[in-house]
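Source file: start-v2.cif (mmCIF, C-alpha atoms and all ligand atoms)
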data_protein
#
loop_
_atom_site.label_atom_id
_atom_site.label_comp_id
_atom_site.auth_asym_id
_atom_site.auth_seq_id
_atom_site.Cartn_x
_atom_site.Cartn_y
_atom_site.Cartn_z
CA MET R 114 50.56 -81.80 -5.21
CA THR R 115 48.33 -79.52 -3.14
CA HIS R 116 45.59 -77.93 -5.19
CA VAL R 117 45.21 -74.29 -4.24
CA PHE R 118 43.21 -71.27 -5.35
CA ASN R 119 45.56 -68.32 -5.68
CA PHE R 120 43.92 -64.88 -5.37
CA SER R 121 47.11 -62.82 -5.74
CA ALA R 122 46.84 -59.43 -7.46
CA GLY R 123 50.03 -60.14 -9.36
CA PRO R 124 52.21 -61.92 -10.15
CA ALA R 125 49.14 -64.08 -10.26
CA VAL R 126 47.62 -67.44 -11.10
CA LEU R 127 48.26 -68.75 -14.62
CA PRO R 128 46.26 -71.40 -16.47
CA ARG R 129 47.40 -74.82 -15.22
CA GLU R 130 47.37 -76.15 -18.79
CA VAL R 131 49.95 -73.51 -19.74
CA LEU R 132 52.26 -74.40 -16.86
CA VAL R 133 52.03 -78.10 -17.70
CA GLU R 134 52.87 -77.34 -21.32
CA ALA R 135 55.81 -75.12 -20.35
CA ALA R 136 57.10 -77.80 -17.97
CA ALA R 137 56.99 -80.43 -20.73
CA GLU R 138 58.91 -78.11 -23.07
CA MET R 139 61.33 -76.82 -20.46
CA LEU R 140 64.41 -78.77 -21.56
CA ASP R 141 63.67 -79.23 -25.24
CA TRP R 142 61.43 -76.83 -27.15
CA HIS R 143 59.86 -78.57 -30.17
CA GLY R 144 62.84 -80.87 -30.75
CA SER R 145 65.33 -77.99 -30.88
CA GLY R 146 67.34 -79.49 -28.02
CA MET R 147 67.20 -76.10 -26.27
CA SER R 148 65.12 -74.52 -23.55
CA VAL R 149 63.43 -71.30 -24.72
CA MET R 150 65.56 -69.56 -22.08
CA GLU R 151 68.71 -70.66 -23.90
CA MET R 152 67.74 -69.45 -27.36
CA SER R 153 69.12 -66.40 -29.13
CA HIS R 154 66.33 -63.89 -29.51
CA ARG R 155 67.37 -63.51 -33.15
CA GLY R 156 67.34 -67.22 -33.97
CA PRO R 157 64.54 -68.76 -36.07
CA GLU R 158 63.03 -70.64 -33.10
CA PHE R 159 62.48 -67.60 -30.91
CA MET R 160 61.53 -65.39 -33.87
CA ALA R 161 58.69 -67.85 -34.54
CA ILE R 162 57.58 -67.73 -30.88
CA MET R 163 57.63 -63.91 -30.93
CA ALA R 164 55.72 -63.62 -34.21
CA ALA R 165 53.01 -66.04 -33.04
CA ALA R 166 52.59 -64.19 -29.71
CA GLN R 167 52.19 -60.83 -31.46
CA ARG R 168 49.80 -62.27 -34.06
CA ASP R 169 47.67 -63.98 -31.42
CA LEU R 170 47.47 -60.89 -29.20
CA ARG R 171 46.47 -58.78 -32.22
CA GLU R 172 43.73 -61.27 -33.02
CA LEU R 173 42.49 -61.63 -29.41
CA MET R 174 42.20 -57.87 -28.90
CA ALA R 175 41.22 -57.08 -32.51
CA VAL R 176 44.06 -54.52 -32.64
CA PRO R 177 43.61 -52.41 -35.80
CA ASP R 178 46.36 -52.39 -38.45
CA ASN R 179 47.37 -48.80 -37.66
CA TYR R 180 48.54 -49.81 -34.17
CA GLN R 181 51.87 -51.36 -33.22
CA ILE R 182 52.15 -54.03 -30.52
CA LEU R 183 55.46 -53.64 -28.65
CA PHE R 184 56.99 -56.08 -26.17
CA LEU R 185 59.18 -54.17 -23.72
CA GLN R 186 60.74 -54.42 -20.29
CA GLY R 187 60.25 -52.06 -17.35
CA GLY R 188 56.76 -52.92 -16.08
CA GLY R 189 53.77 -50.64 -15.60
CA LEU R 190 55.60 -48.13 -13.45
CA ALA R 191 58.37 -47.52 -15.98
CA GLU R 192 55.66 -46.65 -18.51
CA ASN R 193 54.68 -43.73 -16.29
CA ALA R 194 57.95 -42.13 -17.44
CA ILE R 195 58.20 -43.77 -20.87
CA VAL R 196 54.76 -42.49 -21.93
CA PRO R 197 55.55 -38.78 -21.36
CA MET R 198 59.03 -39.19 -22.87
CA ASN R 199 57.40 -40.56 -26.04
CA LEU R 200 54.36 -38.30 -26.32
CA LEU R 201 55.37 -34.85 -25.06
CA GLY R 202 57.47 -34.07 -28.13
CA ARG R 203 54.27 -33.51 -30.13
CA LYS R 204 53.71 -30.23 -28.23
CA PRO R 205 55.77 -27.14 -27.35
CA GLN R 206 57.45 -27.59 -23.94
CA PRO R 207 56.46 -27.51 -21.16
CA ALA R 208 53.49 -29.55 -22.31
CA VAL R 209 50.38 -30.30 -20.23
CA VAL R 210 49.10 -33.78 -19.41
CA ASP R 211 45.59 -34.40 -18.07
CA PHE R 212 45.02 -37.12 -15.48
CA ILE R 213 41.92 -38.71 -14.02
CA HIS R 214 42.89 -39.67 -10.48
CA THR R 215 40.97 -42.83 -9.62
CA GLY R 216 43.29 -44.56 -7.16
CA SER R 217 46.79 -45.63 -6.18
CA TRP R 218 48.09 -46.37 -9.66
CA THR R 219 47.03 -43.09 -11.26
CA GLY R 220 48.46 -41.41 -8.14
CA LYS R 221 51.85 -42.88 -8.98
CA SER R 222 51.45 -41.94 -12.66
CA ILE R 223 50.69 -38.31 -11.77
CA LYS R 224 53.78 -38.07 -9.59
CA GLU R 225 56.08 -39.53 -12.22
CA ALA R 226 54.72 -37.48 -15.13
CA GLY R 227 55.35 -34.34 -13.07
CA LYS R 228 59.07 -34.84 -13.72
CA TYR R 229 58.50 -34.28 -17.44
CA ALA R 230 55.29 -32.33 -17.89
CA GLN R 231 52.89 -29.87 -16.36
CA VAL R 232 50.27 -32.06 -14.73
CA ASN R 233 46.58 -31.21 -14.62
CA VAL R 234 44.38 -33.43 -12.47
CA ALA R 235 41.22 -33.06 -14.53
CA ALA R 236 39.08 -35.04 -12.08
CA SER R 237 39.73 -36.93 -8.87
CA ALA R 238 37.89 -39.40 -6.67
CA LYS R 239 40.36 -38.91 -3.82
CA ALA R 240 37.96 -37.01 -1.54
CA SER R 241 35.65 -40.02 -1.31
CA GLY R 242 38.46 -42.53 -0.86
CA PHE R 243 38.58 -43.70 -4.49
CA ASP R 244 35.21 -45.40 -4.52
CA HIS R 245 34.13 -44.45 -8.06
CA VAL R 246 35.19 -43.21 -11.50
CA PRO R 247 34.44 -39.46 -11.75
CA ALA R 248 31.61 -38.87 -14.24
CA ARG R 249 32.80 -37.76 -17.65
CA ALA R 250 30.79 -34.52 -17.33
CA ASP R 251 32.93 -33.56 -14.30
CA TRP R 252 36.29 -33.80 -16.06
CA THR R 253 37.99 -30.43 -16.53
CA LEU R 254 40.27 -31.24 -19.43
CA SER R 255 42.92 -28.83 -20.72
CA PRO R 256 42.36 -27.30 -24.16
CA ASP R 257 45.73 -28.45 -25.50
CA ALA R 258 46.89 -31.47 -23.48
CA ALA R 259 49.58 -33.71 -24.97
CA TYR R 260 47.47 -36.64 -23.81
CA VAL R 261 44.92 -37.75 -21.22
CA HIS R 262 46.01 -40.53 -18.86
CA ILE R 263 43.59 -42.93 -17.17
CA CYS R 264 43.90 -46.28 -15.42
CA THR R 265 40.94 -48.36 -16.53
CA ASN R 266 41.26 -50.83 -13.67
CA GLU R 267 42.69 -49.66 -10.35
CA THR R 268 44.13 -52.88 -8.95
CA ILE R 269 44.38 -51.73 -5.33
CA ASP R 270 41.14 -49.76 -5.02
CA GLY R 271 39.03 -52.16 -7.09
CA VAL R 272 37.60 -49.49 -9.40
CA GLU R 273 37.07 -50.21 -13.12
CA TYR R 274 35.81 -48.17 -16.08
CA SER R 275 32.88 -49.96 -17.63
CA ALA R 276 33.63 -48.46 -21.07
CA ALA R 277 36.12 -46.17 -22.79
CA PRO R 278 35.24 -42.54 -21.99
CA ASP R 279 34.45 -40.44 -25.04
CA ILE R 280 36.96 -37.61 -24.82
CA ALA R 281 37.48 -36.61 -28.42
CA ALA R 282 34.96 -33.76 -28.39
CA GLN R 283 36.69 -31.56 -25.79
CA THR R 284 40.38 -32.23 -26.14
CA ASN R 285 41.17 -31.33 -29.72
CA GLY R 286 41.88 -34.99 -30.24
CA ALA R 287 44.35 -35.40 -27.36
CA PRO R 288 45.10 -39.10 -27.35
CA LEU R 289 43.77 -41.20 -24.51
CA VAL R 290 46.44 -43.26 -22.73
CA ALA R 291 45.23 -46.13 -20.56
CA ASP R 292 47.03 -48.30 -18.04
CA VAL R 293 45.22 -51.61 -18.58
CA SER R 294 47.70 -53.71 -16.57
CA SER R 295 45.16 -55.49 -14.42
CA HIS R 296 42.28 -56.07 -16.82
CA ILE R 297 43.79 -56.53 -20.27
CA LEU R 298 42.18 -59.53 -22.02
CA SER R 299 39.51 -59.86 -19.31
CA ARG R 300 36.92 -57.88 -21.30
CA HIS R 301 36.38 -56.28 -24.67
CA ILE R 302 38.52 -53.15 -25.07
CA ASP R 303 37.89 -51.01 -28.14
CA VAL R 304 41.51 -50.27 -29.01
CA SER R 305 40.51 -47.63 -31.58
CA GLN R 306 39.33 -45.34 -28.75
CA TYR R 307 42.88 -45.08 -27.39
CA GLY R 308 46.19 -43.61 -28.52
CA VAL R 309 48.19 -45.88 -26.22
CA LEU R 310 47.41 -48.89 -24.03
CA PHE R 311 50.05 -50.33 -21.73
CA ALA R 312 50.14 -53.28 -19.35
CA GLY R 313 52.56 -55.20 -17.21
CA ALA R 314 52.07 -58.88 -18.05
CA GLN R 315 52.11 -60.34 -14.55
CA LYS R 316 48.35 -60.45 -13.98
CA ASN R 317 46.31 -61.75 -16.90
CA ILE R 318 49.11 -62.60 -19.30
CA GLY R 319 52.23 -64.24 -17.91
CA PRO R 320 55.31 -63.77 -15.76
CA ALA R 321 56.64 -60.41 -14.61
CA GLY R 322 59.24 -58.86 -16.87
CA LEU R 323 57.18 -58.33 -20.02
CA THR R 324 55.39 -55.04 -20.65
CA ILE R 325 52.97 -54.66 -23.51
CA VAL R 326 52.47 -51.33 -25.28
CA ILE R 327 49.88 -50.91 -28.02
CA VAL R 328 50.39 -47.58 -29.76
CA ARG R 329 48.77 -45.82 -32.72
CA ASP R 330 51.18 -45.24 -35.62
CA ASP R 331 50.84 -41.43 -35.69
CA LEU R 332 52.08 -41.22 -32.08
CA LEU R 333 55.44 -42.76 -32.93
CA GLY R 334 58.48 -40.64 -33.67
CA HIS R 335 57.90 -37.77 -31.23
CA ALA R 336 60.11 -38.87 -28.32
CA LEU R 337 61.95 -36.26 -26.29
CA PRO R 338 65.74 -36.27 -26.85
CA ILE R 339 66.23 -37.53 -23.28
CA CYS R 340 64.18 -40.70 -23.94
CA PRO R 341 66.40 -43.81 -23.69
CA SER R 342 66.63 -45.45 -27.12
CA ALA R 343 65.49 -48.80 -25.71
CA PHE R 344 62.23 -47.10 -24.63
CA ASP R 345 61.69 -44.96 -27.73
CA TRP R 346 58.61 -46.66 -29.18
CA LYS R 347 59.55 -45.73 -32.76
CA ILE R 348 62.95 -47.38 -32.43
CA VAL R 349 61.42 -50.40 -30.72
CA ALA R 350 58.71 -50.68 -33.40
CA ASP R 351 61.21 -50.31 -36.27
CA ASN R 352 63.17 -53.17 -34.75
CA GLY R 353 60.23 -55.50 -34.19
CA SER R 354 60.63 -55.26 -30.38
CA MET R 355 64.19 -56.58 -30.79
CA TYR R 356 66.16 -53.33 -30.45
CA ASN R 357 67.50 -54.79 -27.24
CA THR R 358 67.01 -58.30 -25.89
CA PRO R 359 63.32 -58.72 -25.09
CA PRO R 360 62.20 -60.78 -22.06
CA THR R 361 62.20 -63.98 -24.09
CA TYR R 362 60.89 -66.52 -21.59
CA ALA R 363 58.09 -64.20 -20.43
CA ILE R 364 57.09 -63.68 -24.08
CA TYR R 365 57.04 -67.45 -24.61
CA ILE R 366 54.73 -68.00 -21.61
CA ALA R 367 52.54 -65.08 -22.71
CA GLY R 368 52.30 -66.76 -26.12
CA LEU R 369 51.10 -69.99 -24.49
CA VAL R 370 48.50 -67.99 -22.52
CA PHE R 371 47.28 -66.35 -25.75
CA GLN R 372 46.87 -69.80 -27.32
CA TRP R 373 45.01 -70.99 -24.21
CA LEU R 374 42.72 -67.95 -24.49
CA LYS R 375 41.99 -68.78 -28.11
CA ARG R 376 41.17 -72.39 -27.16
CA GLN R 377 38.72 -71.08 -24.54
CA GLY R 378 36.91 -69.14 -27.27
CA GLY R 379 38.58 -65.75 -26.92
CA VAL R 380 38.03 -62.62 -24.87
CA ALA R 381 34.23 -62.60 -25.24
CA VAL R 382 33.96 -66.01 -23.56
CA LEU R 383 36.33 -65.02 -20.77
CA GLU R 384 34.41 -61.79 -20.25
CA GLN R 385 31.18 -63.72 -19.63
CA ARG R 386 32.98 -65.97 -17.13
CA ASN R 387 34.51 -62.95 -15.42
CA ILE R 388 31.10 -61.27 -15.13
CA ALA R 389 29.69 -64.41 -13.51
CA LYS R 390 32.60 -64.83 -11.09
CA ALA R 391 32.54 -61.21 -9.95
CA ALA R 392 28.73 -61.18 -9.58
CA LEU R 393 28.89 -64.22 -7.32
CA LEU R 394 31.31 -62.57 -4.92
CA TYR R 395 29.75 -59.08 -4.97
CA ASP R 396 26.26 -60.52 -4.39
CA TYR R 397 27.53 -62.37 -1.38
CA LEU R 398 29.42 -59.32 -0.05
CA ASP R 399 26.31 -57.15 -0.40
CA SER R 400 24.20 -59.67 1.52
CA SER R 401 26.74 -60.20 4.29
CA LYS R 402 26.65 -58.82 7.82
CA LEU R 403 30.38 -59.31 8.28
CA TYR R 404 32.04 -58.28 5.01
CA PHE R 405 31.61 -55.27 2.75
CA ASN R 406 32.97 -53.64 -0.41
CA ARG R 407 32.95 -49.82 -0.59
CA VAL R 408 33.01 -49.18 -4.35
CA GLU R 409 29.95 -47.77 -6.14
CA LYS R 410 28.23 -50.62 -7.94
CA ALA R 411 28.62 -49.31 -11.50
CA ASP R 412 32.38 -48.89 -11.10
CA ARG R 413 33.29 -52.11 -9.32
CA SER R 414 36.20 -54.07 -10.72
CA ARG R 415 35.59 -57.57 -12.02
CA MET R 416 39.25 -58.43 -11.60
CA ASN R 417 40.23 -57.10 -8.16
CA ILE R 418 37.65 -57.20 -5.39
CA PRO R 419 38.76 -55.54 -2.17
CA PHE R 420 36.63 -56.29 0.87
CA PHE R 421 36.77 -55.55 4.57
CA LEU R 422 35.62 -57.28 7.74
CA ARG R 423 33.44 -55.05 9.90
CA ASP R 424 35.44 -56.33 12.88
CA GLU R 425 39.05 -55.90 11.76
CA THR R 426 40.36 -57.83 14.78
CA LEU R 427 39.15 -60.95 12.95
CA ASN R 428 41.42 -60.35 9.92
CA ASP R 429 44.24 -62.68 10.98
CA ALA R 430 41.87 -65.52 11.89
CA PHE R 431 40.09 -65.12 8.55
CA LEU R 432 43.35 -65.32 6.61
CA ALA R 433 44.69 -68.26 8.65
CA GLY R 434 41.49 -70.25 8.05
CA ALA R 435 41.59 -69.37 4.35
CA LYS R 436 45.14 -70.64 4.09
CA GLN R 437 44.19 -73.93 5.77
CA ARG R 438 41.57 -74.32 3.05
CA HIS R 439 44.17 -73.61 0.35
CA LEU R 440 42.73 -70.16 -0.45
CA LEU R 441 45.91 -68.12 -0.84
CA GLN R 442 47.13 -64.51 -1.04
CA LEU R 443 43.90 -62.83 0.05
CA LYS R 444 45.48 -60.12 2.18
CA GLY R 445 44.63 -56.63 0.91
CA HIS R 446 47.30 -54.19 -0.28
CA LYS R 447 49.19 -52.71 2.66
CA SER R 448 48.05 -49.17 1.75
CA VAL R 449 44.35 -49.99 2.19
CA GLY R 450 44.31 -53.07 4.45
CA GLY R 451 41.47 -55.56 4.57
CA MET R 452 41.25 -58.32 1.97
CA ARG R 453 41.41 -58.51 -1.79
CA ALA R 454 40.37 -61.33 -4.08
CA SER R 455 41.78 -61.04 -7.59
CA LEU R 456 39.74 -63.03 -10.09
CA TYR R 457 41.86 -63.02 -13.23
CA ASN R 458 41.10 -65.11 -16.31
CA ALA R 459 42.91 -68.16 -14.91
CA MET R 460 40.81 -68.24 -11.71
CA PRO R 461 38.03 -70.81 -12.21
CA ILE R 462 34.56 -70.20 -10.80
CA GLU R 463 35.20 -73.10 -8.42
CA GLY R 464 37.80 -70.90 -6.72
CA VAL R 465 35.22 -68.17 -6.12
CA GLN R 466 32.74 -70.76 -4.82
CA ALA R 467 35.36 -72.17 -2.44
CA LEU R 468 36.17 -68.66 -1.19
CA ILE R 469 32.51 -67.86 -0.57
CA SER R 470 32.01 -71.17 1.30
CA TRP R 471 34.83 -70.25 3.65
CA MET R 472 33.53 -66.69 4.05
CA GLN R 473 30.07 -68.04 4.93
CA GLU R 474 31.47 -70.52 7.42
CA PHE R 475 33.56 -67.79 9.06
CA GLU R 476 30.63 -65.37 9.11
CA ALA R 477 28.36 -67.97 10.72
CA ALA R 478 30.95 -68.46 13.46
CA HIS R 479 31.42 -64.76 14.21
CA VAL R 480 28.17 -62.87 13.64
N1 LIG O 501 49.55 -50.19 -12.97
C1 LIG O 501 48.67 -51.05 -12.46
C2 LIG O 501 47.22 -50.85 -12.74
C3 LIG O 501 49.10 -52.10 -11.64
O1 LIG O 501 48.21 -52.95 -11.10
C4 LIG O 501 50.49 -52.26 -11.39
C5 LIG O 501 51.03 -53.40 -10.56
N2 LIG O 501 50.25 -53.89 -9.58
C6 LIG O 501 51.35 -51.33 -11.93
C7 LIG O 501 50.87 -50.33 -12.74
C8 LIG O 501 52.82 -51.41 -11.68
O2 LIG O 501 53.37 -52.41 -12.42
P1 LIG O 501 54.89 -52.86 -12.25
O3 LIG O 501 55.05 -53.37 -10.87
O4 LIG O 501 55.01 -53.90 -13.32
O5 LIG O 501 55.76 -51.67 -12.51
#
Mind converting the file's structure to C-alpha cells?
Ligand code: PMP
Amino acid sequence: MTHVFNFSAGPAVLPREVLVEAAAEMLDWHGSGMSVMEMSHRGPEFMAIMAAAQRDLRELMAVPDNYQILFLQGGGLAENAIVPMNLLGRKPQPAVVDFIHTGSWTGKSIKEAGKYAQVNVAASAKASGFDHVPARADWTLSPDAAYVHICTNETIDGVEYSAAPDIAAQTNGAPLVADVSSHILSRHIDVSQYGVLFAGAQKNIGPAGLTIVIVRDDLLGHALPICPSAFDWKIVADNGSMYNTPPTYAIYIAGLVFQWLKRQGGVAVLEQRNIAKAALLYDYLDSSKLYFNRVEKADRSRMNIPFFLRDETLNDAFLAGAKQRHLLQLKGHKSVGGMRASLYNAMPIEGVQALISWMQEFEAAHV
C-alpha cells in the first residue's frame, strides 16, 4: 500500500491506528456478529459505544458538568441556522446577534443568521483580506445581543484565535458561540468561556456526518417555534442524542479517535506537537523567496496553513511534483487559490518534514 501524507482540510487524515482497528472490527464488533453499521442505535452494543464516546470527549476537553455534549447531524453549516433557532427565543424578537467577521466561514454564518435575526457585524477583518483577528478593543458589541458568534479557526483563511476573547464585561453576559470545527481537540479550549461550541467532525475527529454541539444548560429550552424538533437542543439533550437516529458509524469512529487521543496523552500533548509542526512550516515559509503566508504572526492557524507561490504560473508544477512524492490534497480553497497544508492531529511531523523537503527542492529549481 502506498504511504501518503494527506494535507486535506476535511474530510481529512485520520490516525492510521484507528483505521486499522475499524477495519479489524468491520464485520464483527466485539464478538457481536454485527458491524457497527448494522446495529440498532438503541441496542446495548451501540448504547455502550455512544456512552464511551461522550464520556471520553468530556474528559479530553474537560467539559464542565453544566454543559451538555450533543451528537447531531447537519454539519457546521446547518449549525449556522440551528444556533439562532435555539438561542433567539431568550430575547424579544427581532433579536440582535453580534458577529466577528474573520473569514469565509463567519461570512457564511452572518448570511444564514440574517434569515432569523438582526445581524450586527461588530468587527471585521475583510478590508485587509482576512489576515488577522480584530483586536478585542475594536469590537463594537450590541448592548443586548442574543449571542456573539465567532469562528475560532478560519479553515480557509488560516486565521486562529490564540485564546478565548473576554466578552463578558460589555455584553450583559451575552453568550459566546464559537465554531470550532477545524481546531477542536488540537489545543486547550476553556469551555467555561463559551455558551455554545459546535464542530463538524470531519477534520480532527472522524468521518463527515457527525456534528458536535457543546451547550451550557441554561441555554437549553429557548428554541423558536419554527426550530425543527430534531435540532432543538433541549429535545436532543433530553433524549441523550437519540431523538432521531444519530450518525452511528461516524460516532463509533469518533469514539476510536478519542481513545487514540487518550493513548497519546490527551489534548495537551497533541497541542505541543501541533505547535512544533506549525512552527516548522511557518519558519520555512518566512525564510523562503518563493512561498509566503499573509496572516499576521500572532493570529496564524496551527491547523490550516495557506501559502502562495510568488510566481503563480508554477502552481500546477508544484502540485504535480507534490503528488509524485505522495504529498496529497495541497491545493488551496478555490475562493482564495494558492496552496493550503492542513496539519490536523493525525498528521505526523514526518509529513511536515516531507512537505518542506519538496518545497525546498522546488524552490531551489525555480528561484
Ligand atoms: N465551519 C468551519 C470552520 C469549517 O471549516 C467548515 C467546513 N470546512 C464548516 C463550518 C462547514 O462544515 P460542513 O461542511 O460540515 O457544513
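Rounded to one decimal, CA of Leu456 (chain R) and CA of Phe120 (chain R) lie 6.6 Å from each other.
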Worksheet item: What does the distance from CA of Lys390 (chain R) to CA of Ala430 (chain R) come to in Å, to one decimal?
Response: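 Computed distance, CA of Lys390 (chain R) to CA of Ala430 (chain R), equals 24.8 Å.
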Worksheet item: What does the distance from CA of Trp471 (chain R) to CA of Arg413 (chain R) come to in Å, to one decimal?
Response: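 Rounded to one decimal, the two atoms are 22.4 Å apart.
The shortest atom-to-atom distance to ligand LIG 501 (chain O), with all atoms listed in the file taken into account, belongs to R:Ser295 out of R:Gln377, R:Asn233, R:Ser295, R:Asn387.
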Discussion item. When you count only C-alpha atoms, which of these residues is closest to Thr358 (chain R): R:Gly322, R:Gly445, R:Gly308, R:Gly434?
Written reply: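 Residue with the minimum atom-to-atom distance to Thr358 (chain R): R:Gly322.
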Worksheet item: Which residues form the shell of 9 Å around ligand LIG 501 (chain O) when you count only C-alpha atoms and all ligand atoms, given as a ChimeraX atom specification?
Response: /R:122-124,187-193,217-219,221-222,264-269,292-296,311-316,321-324
Discussion item. Residues within 7 Å of Val131 (chain R), please, as a VMD selection string. Count only C-alpha atoms; anything in the same chain fewer than 4 positions from it doesn't count.
Written reply: chain R and resid 135 369 to 370
Set up a box along x, y and z of the file covering all listed atoms of region 395-410 of chain R, add 6 Å on every one of the six sides, and write the centre and edge lengths in Å to one decimal, as JSON.
{"center_x": 28.6, "center_y": -55.1, "center_z": 0.2, "size_x": 20.8, "size_y": 26.6, "size_z": 28.2}
Item to complete: Name the closest residue to Asn428 (chain R) among the candidates R:Phe243, R:Phe475, R:Phe184, R:Tyr365; distances are taken between atoms, counting all atoms listed in the file.
Response: R:Phe475
Item to complete: Name the residues in contact with His301 (chain R) at a cut-off of 8 Å, using all atoms listed in the file, excluding same-chain residues fewer than 3 positions from it; report them as number ranges by chain.
Response: R: 174, 298, 380-381, 384
Selected residues written out, C-alpha atoms, as an mmCIF file, keeping the file's coordinate frame:
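Output contents, as saved in again.cif:
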data_model
loop_
_atom_site.group_PDB
_atom_site.id
_atom_site.type_symbol
_atom_site.label_atom_id
_atom_site.label_comp_id
_atom_site.auth_asym_id
_atom_site.auth_seq_id
_atom_site.Cartn_x
_atom_site.Cartn_y
_atom_site.Cartn_z
ATOM 1 C CA MET R 174 42.200 -57.870 -28.900
ATOM 2 C CA LEU R 298 42.180 -59.530 -22.020
ATOM 3 C CA VAL R 380 38.030 -62.620 -24.870
ATOM 4 C CA ALA R 381 34.230 -62.600 -25.240
ATOM 5 C CA GLU R 384 34.410 -61.790 -20.250
#
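Non-sequential neighbours of Phe421 (chain R) (distance at most 8 Å, separation of 6 or more positions within a chain, only C-alpha atoms) are Tyr404, Phe405, Asn406, Gly450, Gly451 and Met452 of chain R.
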Discussion item. Taking (43.0, -69.2, -23.5) as a centre in this file's frame and 10 Å as the limit, can you find every polymer residue with an atom that close, using all atoms listed in the file, and give them as a list of chain:residue names?
Written reply: R:Pro128, R:Glu130, R:Val131, R:Leu173, R:Leu298, R:Ile318, R:Gly368, R:Leu369, R:Val370, R:Phe371, R:Gln372, R:Trp373, R:Leu374, R:Lys375, R:Arg376, R:Gln377, R:Gly378, R:Gly379, R:Val380, R:Val382, R:Leu383, R:Asn458, R:Ala459
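The closest residue to Arg203 (chain R), picked from R:Ile182, R:Leu394, R:Leu440, R:Leu332 and counting all atoms listed in the file, is R:Leu332.
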Worksheet item: So which one's closest to Val326 (chain R), R:Asp303, R:Glu425, R:Asp345, R:Asp270? Using all atoms listed in the file, please.
Response: R:Asp345
Fill in: Which residue of R:Ala238, R:Ala389, R:Ala208, R:Ile325 approaches Glu409 (chain R) most closely, using all atoms listed in the file
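Between R:Ala238, R:Ala389, R:Ala208, R:Ile325, the residue approaching Glu409 (chain R) most closely is R:Ala238.
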Item to complete: With all atoms listed in the file counted, which protein, DNA or RNA residues have an atom no more than 12 Å from (31.8, -36.8, -20.3) in the file frame? Please answer as a list in words.
Response: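 Residues found, by chain and rising number: Ala235, Ala236, Val246, Pro247, Ala248, Arg249, Ala250, Asp251, Trp252, Thr253, Leu254, Ala276, Ala277, Pro278, Asp279, Ile280, Ala281, Ala282, Gln283 and Thr284 of chain R.
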Practice prompt. With a distance cut-off of 12 Å and only C-alpha atoms, select the neighbouring residues of region 143-152 of chain R, excluding the residue or stretch itself and same-chain residues fewer than 3 positions from it, and output the selection as a ChimeraX atom specification.
Written response: /R:134-140,155-163,358-366
